[in-house]
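Asker: This is the structure I want to talk about, given as structure tokens.
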Amino acid sequence: GRPFQTMLVEFSATEPPPVAEWNRHDTDDMLHVVSGQLLLHTEGYEPVQLAPGDTVHFDGTMPHACLSGRGDEPCRCLYVFAARA
């Protein structure tokens, strides 16, 4: 019954899957980079790389893929999301 949920997530993939397989879900999403580098691919936008301390907020219904921006180091993020009304 809470308006948002949180979890710690880790991304280790360095190559995005085919666009048809990108994530999409009925949530508002926020990712805060804790360690490593996050490479975020979203439909219609250029990929963006985020460093520790950076935060991104986006519509989870938009196809997206989260990758490690460094092949030798996974990216850990605080993931905060809320179901869309």
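By order in the structure tokens, chains are A, B, ...; within a chain, residues start at 1; ligands start at 1, following the order shown.
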So that I can check the surroundings of Thr6 of chain A, please list as number ranges by chain every protein, DNA and RNA residue that reaches within 7 Å of it, counting only C-alpha atoms and ignoring chain neighbours fewer than 6 positions away.

Answerer: A: 79-81

Asker: How about saving the chosen residues, all heavy atoms kept, as an mmCIF file, in the first residue's frame?

Answerer:
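The result, written out as part-v2.cif:
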data_model
loop_
_atom_site.group_PDB
_atom_site.id
_atom_site.type_symbol
_atom_site.label_atom_id
_atom_site.label_comp_id
_atom_site.auth_asym_id
_atom_site.auth_seq_id
_atom_site.Cartn_x
_atom_site.Cartn_y
_atom_site.Cartn_z
ATOM 1 N N TYR A 79 17.202 1.815 -6.675
ATOM 2 C CA TYR A 79 16.077 1.883 -7.607
ATOM 3 C C TYR A 79 14.829 2.206 -6.797
ATOM 4 O O TYR A 79 14.471 1.476 -5.880
ATOM 5 C CB TYR A 79 15.945 0.544 -8.329
ATOM 6 C CG TYR A 79 14.762 0.387 -9.232
ATOM 7 C CD1 TYR A 79 14.326 1.411 -10.072
ATOM 8 C CD2 TYR A 79 14.076 -0.825 -9.271
ATOM 9 C CE1 TYR A 79 13.247 1.235 -10.914
ATOM 10 C CE2 TYR A 79 12.992 -1.009 -10.115
ATOM 11 C CZ TYR A 79 12.584 0.027 -10.931
ATOM 12 O OH TYR A 79 11.497 -0.158 -11.754
ATOM 13 N N VAL A 80 14.204 3.336 -7.110
ATOM 14 C CA VAL A 80 12.962 3.753 -6.458
ATOM 15 C C VAL A 80 11.906 3.813 -7.539
ATOM 16 O O VAL A 80 12.120 4.433 -8.594
ATOM 17 C CB VAL A 80 13.127 5.138 -5.787
ATOM 18 C CG1 VAL A 80 11.828 5.547 -5.108
ATOM 19 C CG2 VAL A 80 14.284 5.125 -4.795
ATOM 20 N N PHE A 81 10.763 3.164 -7.298
ATOM 21 C CA PHE A 81 9.725 3.160 -8.319
ATOM 22 C C PHE A 81 8.347 3.223 -7.681
ATOM 23 O O PHE A 81 8.161 2.825 -6.522
ATOM 24 C CB PHE A 81 9.838 1.942 -9.231
ATOM 25 C CG PHE A 81 9.728 0.623 -8.515
ATOM 26 C CD1 PHE A 81 8.528 -0.074 -8.499
ATOM 27 C CD2 PHE A 81 10.829 0.068 -7.873
ATOM 28 C CE1 PHE A 81 8.432 -1.290 -7.842
ATOM 29 C CE2 PHE A 81 10.742 -1.150 -7.218
ATOM 30 C CZ PHE A 81 9.531 -1.834 -7.198
#

Asker: Considering only C-alpha atoms, can you say which of A:Ser35, A:Asp29, A:Glu10, A:Leu67 comes closest to Ala83 of chain A?

Answerer: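 With only C-alpha atoms as the atom set, the closest residue is A:Asp29.
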
Asker: Nearest to Val34 of chain A: which of A:Ala65, A:Cys77, A:Leu50, A:Val19 is it, counting only C-alpha atoms?

Answerer: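 For Val34 of chain A, the nearest of the candidates is A:Cys77.
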
Asker: Excluding Leu39 of chain A and residues on its chain fewer than 6 positions from it, collect all residues at most 9 Å away from it, counting only C-alpha atoms, and give them as a PyMOL selection string.

Answerer: chain A and resi 14+47-50+65-70+75

Asker: Contacts of Thr27 of chain A at 8 Å or less, counting only C-alpha atoms, minus same-chain residues fewer than 3 places along, as a list in words?

Answerer: Asp59, Gly60, Thr61, Phe81, Ala82, Ala83 and Arg84 of chain A

Asker: In Å, how far is it from atom CA of Pro17 of chain A to atom CA of Gln5 of chain A?

Answerer: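 Interatomic distance here is 25.9 Å.
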